[in-house]
>>> print(open('start_9.txt').read())   # compact mmCIF, C-alpha atoms and all ligand atoms
# COMPACT_ATOMS: atom_id res chain seq x y z
CA MET A 1 -15.83 12.52 -9.39
CA ILE A 2 -13.98 15.32 -7.61
CA PRO A 3 -10.46 15.90 -8.94
CA VAL A 4 -7.80 16.15 -6.21
CA ILE A 5 -4.62 16.09 -8.29
CA GLU A 6 -4.70 17.59 -11.77
CA VAL A 7 -1.57 17.48 -13.88
CA GLU A 8 -2.08 19.23 -17.19
CA HIS A 9 0.35 19.15 -20.09
CA VAL A 10 3.35 19.19 -17.80
CA ASN A 11 6.85 19.21 -19.21
CA LYS A 12 10.00 19.00 -17.15
CA HIS A 13 13.52 19.51 -18.42
CA TYR A 14 16.76 18.90 -16.57
CA GLY A 15 18.99 21.08 -18.73
CA GLU A 16 18.72 19.59 -22.20
CA PHE A 17 17.14 16.39 -20.92
CA HIS A 18 13.38 16.11 -21.39
CA ALA A 19 12.32 14.14 -18.30
CA LEU A 20 8.52 14.60 -18.48
CA LYS A 21 6.89 14.91 -21.87
CA ASP A 22 3.43 16.49 -21.91
CA ILE A 23 2.11 14.56 -18.94
CA SER A 24 -1.59 14.89 -18.14
CA LEU A 25 -3.07 12.93 -15.26
CA THR A 26 -6.11 13.51 -13.07
CA VAL A 27 -6.55 11.65 -9.80
CA SER A 28 -10.02 11.87 -8.29
CA LYS A 29 -11.01 11.82 -4.63
CA GLY A 30 -10.63 8.32 -3.22
CA GLU A 31 -8.86 7.02 -6.29
CA VAL A 32 -5.69 4.90 -6.09
CA VAL A 33 -3.38 5.20 -9.09
CA VAL A 34 -0.35 2.94 -9.42
CA VAL A 35 2.47 4.30 -11.58
CA ILE A 36 4.73 1.67 -13.03
CA GLY A 37 7.56 1.76 -15.56
CA PRO A 38 11.24 1.12 -16.18
CA SER A 39 13.96 2.83 -14.18
CA GLY A 40 14.58 6.34 -15.50
CA SER A 41 11.11 6.71 -17.01
CA GLY A 42 10.24 9.77 -14.90
CA LYS A 43 8.12 8.27 -12.11
CA SER A 44 10.00 9.97 -9.28
CA THR A 45 10.19 13.20 -11.24
CA LEU A 46 6.41 13.13 -11.64
CA CYS A 47 5.90 12.65 -7.89
CA ARG A 48 8.38 15.39 -7.12
CA THR A 49 6.76 17.86 -9.50
CA ILE A 50 3.31 17.17 -8.02
CA ASN A 51 4.73 18.16 -4.66
CA ARG A 52 6.76 21.03 -6.14
CA LEU A 53 10.01 19.54 -4.93
CA GLU A 54 10.90 20.17 -8.58
CA THR A 55 9.79 23.10 -10.68
CA ILE A 56 8.13 22.37 -14.00
CA THR A 57 9.14 23.79 -17.36
CA ASP A 58 5.55 24.31 -18.46
CA GLY A 59 2.03 23.07 -17.85
CA GLU A 60 -0.09 23.36 -14.73
CA ILE A 61 -0.61 21.35 -11.56
CA ARG A 62 -3.64 21.86 -9.34
CA ILE A 63 -4.25 20.34 -5.94
CA ASP A 64 -7.88 20.39 -4.88
CA GLY A 65 -8.51 23.04 -7.50
CA ASN A 66 -5.67 25.34 -6.41
CA VAL A 67 -2.81 26.04 -8.77
CA LEU A 68 0.53 25.25 -7.14
CA PRO A 69 2.45 28.51 -6.80
CA LYS A 70 6.14 28.53 -7.73
CA GLU A 71 7.22 29.65 -4.27
CA GLY A 72 6.23 31.62 -1.21
CA LYS A 73 3.98 31.00 1.76
CA GLY A 74 1.22 29.38 -0.25
CA LEU A 75 3.64 26.71 -1.38
CA ALA A 76 4.29 25.24 2.08
CA LYS A 77 0.56 25.15 2.75
CA LEU A 78 -0.31 23.51 -0.56
CA ARG A 79 2.60 21.11 -0.21
CA ALA A 80 1.15 20.00 3.11
CA ASP A 81 -1.97 18.93 1.22
CA VAL A 82 -0.03 16.21 -0.54
CA GLY A 83 1.90 13.89 1.74
CA MET A 84 4.91 12.12 0.38
CA VAL A 85 6.41 8.78 1.38
CA PHE A 86 9.80 7.99 -0.12
CA GLN A 87 11.83 4.84 -0.59
CA SER A 88 14.12 5.93 2.24
CA PHE A 89 12.06 6.93 5.23
CA ASN A 90 14.05 10.06 6.11
CA LEU A 91 13.02 10.16 9.76
CA PHE A 92 14.87 12.54 12.06
CA ALA A 93 17.43 10.28 13.76
CA HIS A 94 17.69 12.35 16.94
CA LYS A 95 13.97 12.68 17.51
CA THR A 96 11.70 9.99 18.91
CA ILE A 97 9.10 8.31 16.76
CA LEU A 98 6.41 10.41 18.42
CA GLU A 99 8.36 13.64 17.84
CA ASN A 100 8.91 12.71 14.20
CA VAL A 101 5.16 12.53 13.66
CA MET A 102 4.36 15.67 15.72
CA ILE A 103 6.88 18.03 14.20
CA GLY A 104 5.09 18.81 10.90
CA PRO A 105 1.72 19.70 12.46
CA ILE A 106 3.44 21.86 15.13
CA GLN A 107 5.82 23.69 12.79
CA VAL A 108 3.77 24.00 9.62
CA LYS A 109 0.20 23.94 10.87
CA LYS A 110 0.80 25.58 14.27
CA ILE A 111 -1.17 22.85 16.05
CA PRO A 112 -0.82 23.01 19.89
CA LYS A 113 1.70 20.47 21.18
CA ALA A 114 -0.74 18.43 23.27
CA GLU A 115 -3.13 18.08 20.38
CA ALA A 116 -0.33 17.14 17.97
CA ALA A 117 0.90 14.48 20.43
CA GLU A 118 -2.55 13.00 20.85
CA ASP A 119 -3.03 12.90 17.11
CA ALA A 120 0.42 11.37 16.57
CA ARG A 121 -0.25 8.59 19.11
CA ARG A 122 -3.51 7.74 17.40
CA LEU A 123 -1.79 7.57 14.00
CA LEU A 124 1.09 5.47 15.33
CA ASP A 125 -1.46 3.04 16.78
CA ARG A 126 -3.23 2.94 13.47
CA VAL A 127 -0.08 1.89 11.57
CA GLY A 128 0.79 -0.61 14.30
CA VAL A 129 3.79 1.06 15.96
CA GLY A 130 2.10 2.82 18.90
CA HIS A 131 4.18 0.79 21.35
CA GLN A 132 7.38 2.24 19.80
CA ALA A 133 6.43 5.90 20.23
CA ASP A 134 9.28 6.77 22.60
CA LYS A 135 12.02 4.96 20.69
CA TYR A 136 14.39 6.42 18.11
CA PRO A 137 14.23 5.51 14.41
CA ALA A 138 17.38 3.34 14.51
CA GLN A 139 15.71 1.11 17.11
CA LEU A 140 12.97 0.17 14.66
CA SER A 141 13.00 -2.20 11.69
CA GLY A 142 12.80 -0.79 8.18
CA GLY A 143 9.17 -1.84 7.89
CA GLN A 144 8.32 -0.11 11.15
CA GLN A 145 10.19 3.05 10.13
CA GLN A 146 8.30 3.18 6.86
CA ARG A 147 5.02 2.86 8.75
CA VAL A 148 6.13 5.78 10.93
CA ALA A 149 6.81 7.73 7.73
CA ILE A 150 3.24 7.00 6.64
CA ALA A 151 1.92 8.18 10.02
CA ARG A 152 4.03 11.33 9.69
CA ALA A 153 2.50 12.03 6.27
CA LEU A 154 -1.02 11.39 7.61
CA ALA A 155 -0.43 13.76 10.54
CA MET A 156 -0.57 16.67 8.10
CA LYS A 157 -4.12 15.62 7.16
CA PRO A 158 -3.23 15.55 3.48
CA LYS A 159 -5.78 15.54 0.68
CA ALA A 160 -3.67 12.95 -1.13
CA LEU A 161 -0.62 10.78 -0.51
CA LEU A 162 2.20 10.09 -2.94
CA PHE A 163 4.34 6.99 -2.46
CA ASP A 164 7.58 6.64 -4.38
CA GLU A 165 8.67 3.00 -4.26
CA PRO A 166 7.83 2.75 -0.55
CA THR A 167 8.93 -0.88 -0.22
CA SER A 168 12.00 -0.97 -2.48
CA ALA A 169 14.47 -0.45 0.34
CA LEU A 170 12.86 -3.03 2.63
CA ASP A 171 13.81 -6.62 3.36
CA PRO A 172 11.27 -8.90 1.67
CA GLU A 173 9.65 -10.01 4.93
CA MET A 174 8.78 -6.40 5.76
CA ILE A 175 7.18 -5.47 2.48
CA ASN A 176 3.73 -6.78 3.31
CA GLU A 177 3.46 -5.02 6.65
CA VAL A 178 3.85 -1.71 4.78
CA LEU A 179 1.63 -2.70 1.86
CA ASP A 180 -1.09 -3.82 4.29
CA VAL A 181 -1.18 -0.34 5.85
CA MET A 182 -1.41 1.17 2.36
CA ILE A 183 -4.21 -1.22 1.38
CA GLU A 184 -6.12 -0.18 4.54
CA LEU A 185 -5.69 3.50 3.62
CA ALA A 186 -6.92 2.78 0.11
CA LYS A 187 -10.01 1.04 1.51
CA GLU A 188 -10.69 4.00 3.78
CA GLY A 189 -10.86 6.22 0.71
CA MET A 190 -7.48 7.97 0.78
CA THR A 191 -6.53 9.46 -2.58
CA MET A 192 -3.20 7.90 -3.50
CA VAL A 193 -0.56 7.85 -6.22
CA VAL A 194 1.77 4.92 -5.70
CA VAL A 195 4.94 4.25 -7.68
CA THR A 196 5.59 0.56 -7.15
CA HIS A 197 6.37 -2.66 -8.93
CA GLU A 198 4.38 -4.66 -6.40
CA MET A 199 1.79 -6.19 -8.68
CA GLY A 200 -0.07 -7.76 -5.76
CA PHE A 201 -0.66 -4.30 -4.31
CA ALA A 202 -1.74 -2.96 -7.69
CA ARG A 203 -4.22 -5.78 -8.18
CA LYS A 204 -5.66 -5.44 -4.67
CA ALA A 205 -5.77 -1.68 -4.28
CA ALA A 206 -5.36 0.19 -7.57
CA ASP A 207 -8.26 1.64 -9.52
CA ARG A 208 -5.92 2.47 -12.37
CA VAL A 209 -2.43 1.61 -13.55
CA VAL A 210 -0.41 4.25 -15.38
CA PHE A 211 2.54 2.90 -17.34
CA MET A 212 5.37 5.37 -17.99
CA ALA A 213 8.37 5.03 -20.27
CA ASP A 214 10.86 7.65 -21.45
CA GLY A 215 9.06 10.48 -19.69
CA GLU A 216 5.68 9.73 -21.25
CA ILE A 217 2.47 8.09 -20.13
CA VAL A 218 2.35 5.22 -22.58
CA GLU A 219 -0.64 3.31 -21.33
CA GLU A 220 -3.41 3.62 -18.71
CA SER A 221 -5.88 0.93 -17.72
CA THR A 222 -7.28 -1.12 -14.88
CA PRO A 223 -4.74 -3.39 -13.14
CA ASP A 224 -6.45 -6.47 -14.54
CA GLU A 225 -6.31 -5.19 -18.12
CA PHE A 226 -2.76 -3.96 -17.75
CA PHE A 227 -1.27 -7.10 -16.27
CA THR A 228 -3.17 -9.60 -18.40
CA ASN A 229 -3.42 -7.72 -21.66
CA PRO A 230 -0.96 -4.80 -22.01
CA GLN A 231 -1.63 -2.88 -25.20
CA THR A 232 1.81 -1.60 -26.16
CA SER A 233 5.02 -3.45 -26.92
CA ARG A 234 6.85 -1.28 -24.37
CA ALA A 235 4.49 -2.41 -21.60
CA GLN A 236 4.68 -6.03 -22.77
CA ASP A 237 8.49 -5.86 -22.72
CA PHE A 238 8.52 -4.31 -19.27
CA LEU A 239 6.14 -6.87 -17.79
CA SER A 240 8.01 -9.80 -19.31
CA LYS A 241 11.15 -8.61 -17.50
CA LEU A 242 9.34 -8.13 -14.19
CA ILE A 243 8.22 -11.73 -13.91
P1 LIG B 301 12.29 6.87 -12.30
O1 LIG B 301 11.81 7.32 -10.98
O2 LIG B 301 11.20 6.43 -13.22
O3 LIG B 301 13.36 5.82 -12.21
P2 LIG B 301 13.36 9.54 -12.47
O4 LIG B 301 12.19 10.42 -12.44
O5 LIG B 301 14.16 9.40 -11.23
O6 LIG B 301 12.96 8.11 -13.04
O7 LIG B 301 14.35 10.05 -13.58
C1 LIG B 301 13.94 10.27 -14.92
C2 LIG B 301 15.11 10.74 -15.73
O8 LIG B 301 15.49 12.04 -15.31
C3 LIG B 301 16.35 9.86 -15.58
O9 LIG B 301 16.96 9.72 -16.83
C4 LIG B 301 17.23 10.63 -14.63
O10 LIG B 301 18.58 10.38 -14.88
C5 LIG B 301 16.86 12.07 -14.94
N1 LIG B 301 17.00 12.92 -13.74
C6 LIG B 301 16.32 12.77 -12.58
N2 LIG B 301 16.65 13.72 -11.69
C7 LIG B 301 17.57 14.50 -12.31
C8 LIG B 301 18.31 15.68 -11.94
N3 LIG B 301 18.16 16.24 -10.72
N4 LIG B 301 19.17 16.19 -12.84
C9 LIG B 301 19.32 15.65 -14.06
N5 LIG B 301 18.65 14.55 -14.49
C10 LIG B 301 17.79 13.99 -13.63
MG MG B 302 12.28 6.63 -9.08
>>> encode(input="start_9.txt", output="structure tokens")
Amino acid sequence: MIPVIEVEHVNKHYGEFHALKDISLTVSKGEVVVVIGPSGSGKSTLCRTINRLETITDGEIRIDGNVLPKEGKGLAKLRADVGMVFQSFNLFAHKTILENVMIGPIQVKKIPKAEAAEDARRLLDRVGVGHQADKYPAQLSGGQQQRVAIARALAMKPKALLFDEPTSALDPEMINEVLDVMIELAKEGMTMVVVTHEMGFARKAADRVVFMADGEIVEESTPDEFFTNPQTSRAQDFLSKLI
């Protein structure tokens, strides 16, 4: 087992508020970890600290063995190793779908334009929106835009992908078209951390479920164990409200 993401004894404070409490979590190559928990439990904060969109108060985060620096050149490079897909797709409105996917590799990785375009077309095909390459984000459905966001993350050739509630902003009929792409990626061996309440996805794709509450990891198990036999009252409470 090769560790890709290593979070060790990480604490995060927002002022007085203790948002992450001594979090330790290792995600190995090819592993899919689903993070689940009530609103406000620190799931987004955890994703954001892994990607250094937030600084941490103490502890250490390593990506592929490299300690994430606080700032500087190394940060952009290491950040590119972990792709992030958010609830809102955040595509550039005035760029085409193709340009949205090409821009990271060109600007951050200095990939020649022709090569970036070829790569972007291949990725757009892979997530099923190749025929939309020359359109603008607003011309696509939410499900299609989120698939473009996944292609954009993949274009950076990340070592791992983080998803923060990728289907929460979508109309119900579009949820599966995004989850199906994620399930494919999981099968292909992508290392993934996925914050989601989609139990079907967790059961199909997750190797491990991590349950967070109040800034702590309360419980960790296989999806089957977690959904059928949660060990803590906090997890039992949470699951009873989900159904
Ligand atoms: P989740 O994603 O599990 O819903 P978050 O990680 O977004 O939870 O938030 C965890 C807690 O941290 C919440 O109580 C939230 O209000 C607080 N929080 C998140 N971001 C900030 C911030 N920038 N400043 C202050 N408090 C924050
Ligand atoms: Mg959140």
>>> atom_distance(input="start_9.txt", atom1="atom C1 of ligand LIG 301 (chain B)", atom2="atom CA of A:Gln144")
28.6 Å
>>> residues_near_ligand(input="start_9.txt", ligand="ligand MG 302 (chain B)", cutoff="9 Å", atoms="all atoms listed in the file", output="list in words")
Ser39, Gly40, Ser41, Gly42, Lys43, Ser44, Thr45, Cys47, Gln87, Asp164, Glu165 and Val195 of chain A
>>> closest_residue(input="start_9.txt", among="A:Glu198, A:Glu54, A:Glu115, A:Asp134", to="ligand LIG 301 (chain B)", atoms="all atoms listed in the file")
A:Glu54
>>> residues_near_point(input="start_9.txt", point="(-2.6, 9.6, -3.7)", cutoff="12 Å", atoms="all atoms listed in the file", output="ChimeraX atom specification")
/A:3-6,26-35,47,50-51,63,81-85,153-154,158-164,182,185-186,189-195,205-208
>>> residues_around(input="start_9.txt", residues="A:Ile23", least_positions_apart="4", cutoff="8 Å", atoms="all atoms listed in the file", output="ChimeraX atom specification")
/A:7-11,216-217
>>> write_last_selection(input="start_9.txt", atoms="C-alpha atoms", output="PDB file, in the coordinates of the input")
ATOM      1  CA  VAL A   7      -1.570  17.480 -13.880  1.00  0.00           C
ATOM      2  CA  GLU A   8      -2.080  19.230 -17.190  1.00  0.00           C
ATOM      3  CA  HIS A   9       0.350  19.150 -20.090  1.00  0.00           C
ATOM      4  CA  VAL A  10       3.350  19.190 -17.800  1.00  0.00           C
ATOM      5  CA  ASN A  11       6.850  19.210 -19.210  1.00  0.00           C
ATOM      6  CA  GLU A 216       5.680   9.730 -21.250  1.00  0.00           C
ATOM      7  CA  ILE A 217       2.470   8.090 -20.130  1.00  0.00           C
TER       8      ILE A 217
END
>>> atom_distance(input="start_9.txt", atom1="atom CA of A:Lys95", atom2="atom CA of A:Ile183")
28.0 Å
>>> closest_residue(input="start_9.txt", among="A:Asp214, A:Glu184, A:Glu173, A:Asp119", to="ligand LIG 301 (chain B)", atoms="all atoms listed in the file")
A:Asp214
>>> atom_distance(input="start_9.txt", atom1="atom CA of A:Gly65", atom2="atom CA of A:Met1")
13.0 Å
>>> residues_near_point(input="start_9.txt", point="(-6.4, -5.2, -16.9)", cutoff="12 Å", atoms="only C-alpha atoms", output="CSV table (one decimal) with C-alpha atoms, in the coordinates of the input")
chain,number,residue,atom,x,y,z
A,199,MET,CA,1.8,-6.2,-8.7
A,202,ALA,CA,-1.7,-3.0,-7.7
A,203,ARG,CA,-4.2,-5.8,-8.2
A,206,ALA,CA,-5.4,0.2,-7.6
A,207,ASP,CA,-8.3,1.6,-9.5
A,208,ARG,CA,-5.9,2.5,-12.4
A,209,VAL,CA,-2.4,1.6,-13.6
A,210,VAL,CA,-0.4,4.2,-15.4
A,219,GLU,CA,-0.6,3.3,-21.3
A,220,GLU,CA,-3.4,3.6,-18.7
A,221,SER,CA,-5.9,0.9,-17.7
A,222,THR,CA,-7.3,-1.1,-14.9
A,223,PRO,CA,-4.7,-3.4,-13.1
A,224,ASP,CA,-6.4,-6.5,-14.5
A,225,GLU,CA,-6.3,-5.2,-18.1
A,226,PHE,CA,-2.8,-4.0,-17.8
A,227,PHE,CA,-1.3,-7.1,-16.3
A,228,THR,CA,-3.2,-9.6,-18.4
A,229,ASN,CA,-3.4,-7.7,-21.7
A,230,PRO,CA,-1.0,-4.8,-22.0
A,231,GLN,CA,-1.6,-2.9,-25.2
>>> closest_residue(input="start_9.txt", among="A:Phe17, A:Ala80, A:Ala117, A:Ile36", to="A:Phe211", atoms="all atoms listed in the file")
A:Ile36
>>> axis_aligned_box(input="start_9.txt", around="stretch 14-32 of chain A", padding_each_side="4 Å", output="lines of an AutoDock Vina configuration file")
center_x = 4.0
center_y = 13.0
center_z = -12.7
size_x = 38.0
size_y = 24.2
size_z = 27.0
>>> residues_around(input="start_9.txt", residues="A:Leu140", least_positions_apart="3", cutoff="12 Å", atoms="only C-alpha atoms", output="JSON, numbers by chain")
{"A": [89, 91, 93, 96, 97, 129, 130, 131, 132, 133, 134, 135, 136, 137, 143, 144, 145, 146, 147, 148, 149, 174]}
>>> closest_residue(input="start_9.txt", among="A:Asn176, A:Thr57, A:Gln236, A:Ser168", to="A:His197", atoms="all atoms listed in the file")
A:Ser168
>>> closest_residue(input="start_9.txt", among="A:Thr232, A:Ser141, A:Ala213, A:Ala120", to="ligand LIG 301 (chain B)", atoms="only C-alpha atoms and all ligand atoms")
A:Ala213
>>> closest_residue(input="start_9.txt", among="A:Leu78, A:Val218, A:Ile111, A:Met212", to="ligand LIG 301 (chain B)", atoms="all atoms listed in the file")
A:Met212
>>> build_atoms(input="start_9.txt", residues="stretch 180-195 of chain A", atoms="N, CA and C atoms", output="PDB file, keeping the file's coordinate frame")
ATOM      1  N   ASP A 180       0.203  -3.627   3.615  1.00  0.00           N
ATOM      2  CA  ASP A 180      -1.090  -3.820   4.290  1.00  0.00           C
ATOM      3  C   ASP A 180      -1.637  -2.488   4.824  1.00  0.00           C
ATOM      4  N   VAL A 181      -0.739  -1.658   5.373  1.00  0.00           N
ATOM      5  CA  VAL A 181      -1.180  -0.340   5.850  1.00  0.00           C
ATOM      6  C   VAL A 181      -1.695   0.489   4.671  1.00  0.00           C
ATOM      7  N   MET A 182      -1.000   0.401   3.551  1.00  0.00           N
ATOM      8  CA  MET A 182      -1.410   1.170   2.360  1.00  0.00           C
ATOM      9  C   MET A 182      -2.752   0.661   1.811  1.00  0.00           C
ATOM     10  N   ILE A 183      -2.939  -0.646   1.861  1.00  0.00           N
ATOM     11  CA  ILE A 183      -4.210  -1.220   1.380  1.00  0.00           C
ATOM     12  C   ILE A 183      -5.364  -0.748   2.276  1.00  0.00           C
ATOM     13  N   GLU A 184      -5.112  -0.703   3.598  1.00  0.00           N
ATOM     14  CA  GLU A 184      -6.120  -0.180   4.540  1.00  0.00           C
ATOM     15  C   GLU A 184      -6.485   1.269   4.192  1.00  0.00           C
ATOM     16  N   LEU A 185      -5.441   2.087   3.958  1.00  0.00           N
ATOM     17  CA  LEU A 185      -5.690   3.500   3.620  1.00  0.00           C
ATOM     18  C   LEU A 185      -6.516   3.615   2.347  1.00  0.00           C
ATOM     19  N   ALA A 186      -6.184   2.770   1.386  1.00  0.00           N
ATOM     20  CA  ALA A 186      -6.920   2.780   0.110  1.00  0.00           C
ATOM     21  C   ALA A 186      -8.390   2.455   0.363  1.00  0.00           C
ATOM     22  N   LYS A 187      -8.626   1.443   1.204  1.00  0.00           N
ATOM     23  CA  LYS A 187     -10.010   1.040   1.510  1.00  0.00           C
ATOM     24  C   LYS A 187     -10.772   2.133   2.222  1.00  0.00           C
ATOM     25  N   GLU A 188     -10.045   2.913   3.037  1.00  0.00           N
ATOM     26  CA  GLU A 188     -10.690   4.000   3.780  1.00  0.00           C
ATOM     27  C   GLU A 188     -10.949   5.221   2.900  1.00  0.00           C
ATOM     28  N   GLY A 189     -10.520   5.142   1.640  1.00  0.00           N
ATOM     29  CA  GLY A 189     -10.860   6.220   0.710  1.00  0.00           C
ATOM     30  C   GLY A 189      -9.799   7.283   0.524  1.00  0.00           C
ATOM     31  N   MET A 190      -8.564   7.011   1.006  1.00  0.00           N
ATOM     32  CA  MET A 190      -7.480   7.970   0.780  1.00  0.00           C
ATOM     33  C   MET A 190      -7.168   8.052  -0.709  1.00  0.00           C
ATOM     34  N   THR A 191      -6.947   9.257  -1.193  1.00  0.00           N
ATOM     35  CA  THR A 191      -6.530   9.460  -2.580  1.00  0.00           C
ATOM     36  C   THR A 191      -5.024   9.209  -2.649  1.00  0.00           C
ATOM     37  N   MET A 192      -4.610   8.310  -3.520  1.00  0.00           N
ATOM     38  CA  MET A 192      -3.200   7.900  -3.500  1.00  0.00           C
ATOM     39  C   MET A 192      -2.614   7.731  -4.899  1.00  0.00           C
ATOM     40  N   VAL A 193      -1.361   8.176  -5.035  1.00  0.00           N
ATOM     41  CA  VAL A 193      -0.560   7.850  -6.220  1.00  0.00           C
ATOM     42  C   VAL A 193       0.614   7.025  -5.702  1.00  0.00           C
ATOM     43  N   VAL A 194       0.773   5.831  -6.236  1.00  0.00           N
ATOM     44  CA  VAL A 194       1.770   4.920  -5.700  1.00  0.00           C
ATOM     45  C   VAL A 194       2.682   4.423  -6.823  1.00  0.00           C
ATOM     46  N   VAL A 195       3.957   4.808  -6.756  1.00  0.00           N
ATOM     47  CA  VAL A 195       4.940   4.250  -7.680  1.00  0.00           C
ATOM     48  C   VAL A 195       5.434   2.950  -7.051  1.00  0.00           C
TER      49      VAL A 195
END
